[in-house]
Amino acid sequence: MTVTSENLATPPAMSGAPSLPGRGAGKWLFLVAAACLIAPLSLFVHDYMLETLRIPYPKTAGLPLVVTFVNTAVRLLTLVALCRLSRPQLLVLPGAAAAVAAGVVFTMLGEMARVLVIESTVLGNWRFATVDIAPRALSSLAGGSAAAWVALGCHRRRTVAIASVIVAALVVFALRPALDALSASVMSGLPEPAPLYSDPYPWKVNVVIYATFIEPTLAAFAIAAACWPALAGGPVRRVLTFAALLLLVRGRVISMLVESFWVAQPLPTAFLAESQFFLETLTLGVLVALAWNHAGRSARGT
C-alpha cells in the first residue's frame, strides 16, 4: 500500500461545552470505540480500490502552483466556515489559543503525524523523516492557525474571505517554498537512508498504516464536536453537510475535479485514481457524523 500526505488538540476546550453529547462514561466509550472502527473502515475504502480493484495510485506530474493555491484557498475558506460555525465552542479558549487549536486540527486532517510515523518506520530514520515532513506540517499549522485567528475575530465575511485567500497565497508562494529550501539544505547534510521496507509492505508496517489513520479520524470527531450544534436541518441533512465540509477542508474535491487533469494517466483512470481519497474521506465524514449524531440522541434518551 502506498502512503502519502495529501493532514486532538481541541477536546479540552470542547469538553466543557454544553453541546457535547453524552455525559456518562458509556457515551464516551461508544465514541472511542466508534473512532477505532471508523479509522480502519475509512482507510479500507482506499486500500480496497488500490490493492483489490487495481486502480492505480495518482501520480501527479507538473502540477502548477496556481492549482495548489486554489486547493489551499478552498481548504482554508472551509476551515474559516467551520470556525465561524464553532465559535461558541472554540472561544472557551483565548482567541490565540483557539486559533492554534484549529490549526492543529487542520494539520491533523493532512495526516502529518501519521506520515511522519509511517515514513520513520519505512526508512528506519526518524530524523530524516522529520526534516522531510516539517515543511508540510509547519506551513499547514501556520496557515490554518492564521485563517482561524481571522475567522474568530470580529470581522465581516468579505474581510475574512479576502484575508483567508491572502493567507493561502502566502503559504503556497512564500512560506512553503522557503521551508522546502531550508529542509533541502538540512537534508543535504544528512546521509539518505536506505528504506527498510518496500511496497508491498509486511504486515507489521500495514498495522502502522492502519493504526495511524486514527489521526484524521480524531480530527474529524473534534470538528463534529465543535460545529455539530450549528448545522441546520434534520439528521440526514446534517450528516451530508458535515461530510461535504470534511471533503472540502481535506482538499479532496479540488484534488479529484481539478488535479486529476495533471495525473500522469488517461483522464478516466486519473479520476478513478483520485477518487480513492475522495471516497475514503466521504466514508470518514458520513461515519463520524452518524456516530456523533447517535451519541447525541442517546444522551438525550431519544
# chains A, B, ... in the order shown; residues from 1 in each chain; ligands from 1
$ residues_around --residues "Ile133 of chain A" --least-positions-apart "5" --cutoff "10 Å" --atoms "only C-alpha atoms" --output "list in words"
Ser5, Met112, Ala113, Val115, Leu116, Glu119, Phe128, Leu138, Asp180 and Ser183 of chain A
$ write_last_selection --atoms "N, CA and C atoms" --output "CSV table (one decimal), in the first residue's frame"
chain,number,residue,atom,x,y,z
A,5,SER,N,1.0,12.0,2.2
A,5,SER,CA,0.1,13.0,2.8
A,5,SER,C,-0.6,13.8,1.7
A,112,MET,N,-0.2,14.7,9.0
A,112,MET,CA,1.2,15.0,9.1
A,112,MET,C,1.9,14.0,10.1
A,113,ALA,N,1.3,13.8,11.3
A,113,ALA,CA,1.9,12.9,12.3
A,113,ALA,C,1.9,11.5,11.7
A,115,VAL,N,2.0,10.4,8.6
A,115,VAL,CA,3.0,10.3,7.6
A,115,VAL,C,4.4,10.2,8.2
A,116,LEU,N,4.6,11.0,9.2
A,116,LEU,CA,5.9,11.0,9.9
A,116,LEU,C,6.2,9.6,10.5
A,119,GLU,N,6.7,7.0,7.6
A,119,GLU,CA,8.0,7.3,6.9
A,119,GLU,C,9.1,6.9,7.8
A,128,PHE,N,15.6,11.9,9.5
A,128,PHE,CA,15.4,12.2,8.1
A,128,PHE,C,13.9,12.5,7.8
A,138,LEU,N,4.6,22.4,9.1
A,138,LEU,CA,4.7,23.8,9.6
A,138,LEU,C,3.8,24.8,8.8
A,180,ASP,N,10.7,24.5,2.3
A,180,ASP,CA,11.2,23.4,1.4
A,180,ASP,C,12.7,23.6,1.2
A,183,SER,N,14.6,22.9,4.3
A,183,SER,CA,14.6,21.4,4.5
A,183,SER,C,15.6,20.7,3.6
$ residues_around --residues "Pro216 of chain A" --least-positions-apart "2" --cutoff "6 Å" --atoms "only C-alpha atoms" --output "ChimeraX atom specification"
/A:108-109,214,218-219
$ residues_around --residues "segment 152-162 of chain A" --least-positions-apart "2" --cutoff "8 Å" --atoms "only C-alpha atoms" --output "mmCIF file with N, CA and C atoms, in the first residue's frame"
data_model
loop_
_atom_site.group_PDB
_atom_site.id
_atom_site.type_symbol
_atom_site.label_atom_id
_atom_site.label_comp_id
_atom_site.auth_asym_id
_atom_site.auth_seq_id
_atom_site.Cartn_x
_atom_site.Cartn_y
_atom_site.Cartn_z
ATOM 1 N N LEU A 77 -10.689 28.423 3.355
ATOM 2 C CA LEU A 77 -12.015 29.034 3.416
ATOM 3 C C LEU A 77 -13.012 28.110 4.110
ATOM 4 N N VAL A 80 -12.316 28.305 7.747
ATOM 5 C CA VAL A 80 -12.907 29.546 8.252
ATOM 6 C C VAL A 80 -14.400 29.350 8.523
ATOM 7 N N CYS A 83 -14.828 27.331 11.613
ATOM 8 C CA CYS A 83 -14.537 28.128 12.811
ATOM 9 C C CYS A 83 -15.686 29.061 13.150
ATOM 10 N N ARG A 84 -16.301 29.641 12.127
ATOM 11 C CA ARG A 84 -17.444 30.524 12.379
ATOM 12 C C ARG A 84 -18.617 29.734 12.970
ATOM 13 N N ARG A 87 -17.742 28.863 16.733
ATOM 14 C CA ARG A 87 -17.266 29.956 17.584
ATOM 15 C C ARG A 87 -17.602 29.758 19.067
ATOM 16 N N LEU A 91 -14.246 29.484 21.423
ATOM 17 C CA LEU A 91 -13.900 30.654 22.229
ATOM 18 C C LEU A 91 -14.012 30.406 23.720
ATOM 19 N N GLY A 95 -8.532 33.703 22.329
ATOM 20 C CA GLY A 95 -8.556 33.751 20.873
ATOM 21 C C GLY A 95 -7.357 33.118 20.191
ATOM 22 N N ALA A 99 -7.254 29.670 17.947
ATOM 23 C CA ALA A 99 -6.765 29.658 16.564
ATOM 24 C C ALA A 99 -5.705 28.583 16.372
ATOM 25 N N ALA A 148 -7.792 30.676 11.021
ATOM 26 C CA ALA A 148 -8.716 30.531 12.146
ATOM 27 C C ALA A 148 -8.725 31.794 13.009
ATOM 28 N N TRP A 149 -7.550 32.402 13.210
ATOM 29 C CA TRP A 149 -7.473 33.626 14.013
ATOM 30 C C TRP A 149 -8.308 34.743 13.372
ATOM 31 N N VAL A 150 -8.215 34.847 12.056
ATOM 32 C CA VAL A 150 -9.020 35.848 11.354
ATOM 33 C C VAL A 150 -10.503 35.520 11.490
ATOM 34 N N SER A 164 -8.299 35.159 4.143
ATOM 35 C CA SER A 164 -8.001 33.734 4.019
ATOM 36 C C SER A 164 -7.319 33.427 2.698
ATOM 37 N N VAL A 165 -7.753 34.081 1.628
ATOM 38 C CA VAL A 165 -7.119 33.887 0.319
ATOM 39 C C VAL A 165 -5.689 34.426 0.346
ATOM 40 N N ILE A 166 -5.489 35.544 1.032
ATOM 41 C CA ILE A 166 -4.131 36.094 1.166
ATOM 42 C C ILE A 166 -3.238 35.137 1.951
#
$ residues_around --residues "segment 65-71 of chain A" --least-positions-apart "4" --cutoff "9 Å" --atoms "only C-alpha atoms" --output "PyMOL selection string"
chain A and resi 75-76+165+168-169+171-173+248+251-255+258-259
$ write_last_selection --atoms "C-alpha atoms" --output "short mmCIF file (atom, residue, chain, number, x, y, z; two decimals), in the first residue's frame"
data_model
loop_
_atom_site.label_atom_id
_atom_site.label_comp_id
_atom_site.auth_asym_id
_atom_site.auth_seq_id
_atom_site.Cartn_x
_atom_site.Cartn_y
_atom_site.Cartn_z
CA ARG A 75 -9.34 24.33 2.31
CA LEU A 76 -8.69 27.46 4.36
CA VAL A 165 -7.12 33.89 0.32
CA ALA A 168 -3.31 30.79 1.21
CA ALA A 169 -1.17 32.79 -1.23
CA VAL A 171 1.59 29.79 2.39
CA VAL A 172 1.83 28.46 -1.18
CA PHE A 173 4.05 31.08 -2.80
CA LEU A 248 -13.60 20.41 1.23
CA GLY A 251 -8.86 19.15 -0.19
CA ARG A 252 -10.47 16.11 -1.78
CA VAL A 253 -12.92 17.97 -4.01
CA ILE A 254 -10.32 20.06 -5.86
CA SER A 255 -7.93 17.10 -5.97
CA VAL A 258 -9.04 19.70 -10.89
CA GLU A 259 -5.77 17.98 -10.03
#
$ closest_residue --among "A:Gly124, A:Gly110, A:Gly285, A:Pro88" --to "Pro229 of chain A" --atoms "only C-alpha atoms"
A:Pro88
$ select_by_dssp --residues "segment 172-239 of chain A" --states "helix (DSSP H, G or I)" --output "number ranges by chain"
A: 172-188, 203-211, 214-230, 235-239
$ write_last_selection --atoms "C-alpha atoms" --output "mmCIF file, in the first residue's frame"
data_model
loop_
_atom_site.group_PDB
_atom_site.id
_atom_site.type_symbol
_atom_site.label_atom_id
_atom_site.label_comp_id
_atom_site.auth_asym_id
_atom_site.auth_seq_id
_atom_site.Cartn_x
_atom_site.Cartn_y
_atom_site.Cartn_z
ATOM 1 C CA VAL A 172 1.825 28.460 -1.181
ATOM 2 C CA PHE A 173 4.053 31.084 -2.800
ATOM 3 C CA ALA A 174 6.248 32.197 0.119
ATOM 4 C CA LEU A 175 6.228 30.113 3.302
ATOM 5 C CA ARG A 176 6.195 26.616 1.822
ATOM 6 C CA PRO A 177 8.970 27.293 -0.761
ATOM 7 C CA ALA A 178 11.130 28.851 1.962
ATOM 8 C CA LEU A 179 10.595 25.888 4.277
ATOM 9 C CA ASP A 180 11.228 23.444 1.416
ATOM 10 C CA ALA A 181 14.524 25.178 0.653
ATOM 11 C CA LEU A 182 15.546 25.087 4.307
ATOM 12 C CA SER A 183 14.576 21.413 4.541
ATOM 13 C CA ALA A 184 16.540 20.568 1.381
ATOM 14 C CA SER A 185 19.574 22.350 2.811
ATOM 15 C CA VAL A 186 19.390 20.383 6.057
ATOM 16 C CA MET A 187 18.737 17.089 4.253
ATOM 17 C CA SER A 188 21.763 17.612 2.023
ATOM 18 C CA TRP A 203 2.015 -6.985 7.916
ATOM 19 C CA LYS A 204 3.671 -5.013 10.739
ATOM 20 C CA VAL A 205 4.038 -1.934 8.504
ATOM 21 C CA ASN A 206 0.423 -2.283 7.374
ATOM 22 C CA VAL A 207 -0.622 -2.343 11.027
ATOM 23 C CA VAL A 208 1.138 1.004 11.482
ATOM 24 C CA ILE A 209 -0.506 2.343 8.305
ATOM 25 C CA TYR A 210 -3.986 1.431 9.524
ATOM 26 C CA ALA A 211 -3.463 2.357 13.174
ATOM 27 C CA ILE A 214 -6.745 7.460 13.805
ATOM 28 C CA GLU A 215 -5.155 10.922 13.429
ATOM 29 C CA PRO A 216 -7.542 12.352 10.787
ATOM 30 C CA THR A 217 -10.378 10.384 12.395
ATOM 31 C CA LEU A 218 -9.864 12.137 15.739
ATOM 32 C CA ALA A 219 -9.606 15.464 13.896
ATOM 33 C CA ALA A 220 -12.951 14.751 12.226
ATOM 34 C CA PHE A 221 -14.527 13.997 15.618
ATOM 35 C CA ALA A 222 -13.076 17.237 17.011
ATOM 36 C CA ILE A 223 -14.721 19.157 14.173
ATOM 37 C CA ALA A 224 -18.021 17.370 14.775
ATOM 38 C CA ALA A 225 -17.838 18.238 18.475
ATOM 39 C CA ALA A 226 -17.343 21.899 17.656
ATOM 40 C CA CYS A 227 -19.656 22.526 14.707
ATOM 41 C CA TRP A 228 -22.485 19.991 15.076
ATOM 42 C CA PRO A 229 -24.781 22.260 17.165
ATOM 43 C CA ALA A 230 -24.664 24.910 14.417
ATOM 44 C CA PRO A 235 -30.081 14.279 10.811
ATOM 45 C CA VAL A 236 -29.682 13.356 7.139
ATOM 46 C CA ARG A 237 -29.012 16.935 6.075
ATOM 47 C CA ARG A 238 -26.549 17.450 8.931
ATOM 48 C CA VAL A 239 -24.669 14.235 8.097
#
$ closest_residue --among "A:Ser198, A:Ser260, A:Ser145, A:Thr78" --to "Phe242 of chain A" --atoms "only C-alpha atoms"
A:Thr78
$ closest_residue --among "A:Thr212, A:Thr241, A:Trp262, A:Pro268" --to "Ala39 of chain A" --atoms "only C-alpha atoms"
A:Thr212
$ closest_residue --among "A:Ile118, A:Leu53, A:Ala73, A:Ala25" --to "Ser140 of chain A" --atoms "only C-alpha atoms"
A:Ala73
$ closest_residue --among "A:Val105, A:Ala97, A:Lys59, A:Ala243" --to "Gln265 of chain A" --atoms "only C-alpha atoms"
A:Lys59
$ atom_distance --atom1 "atom CA of Gly144 of chain A" --atom2 "atom CA of Thr107 of chain A"
7.5 Å
$ closest_residue --among "A:Asn293, A:Ser120, A:Thr281, A:Ser139" --to "Arg250 of chain A" --atoms "only C-alpha atoms"
A:Thr281
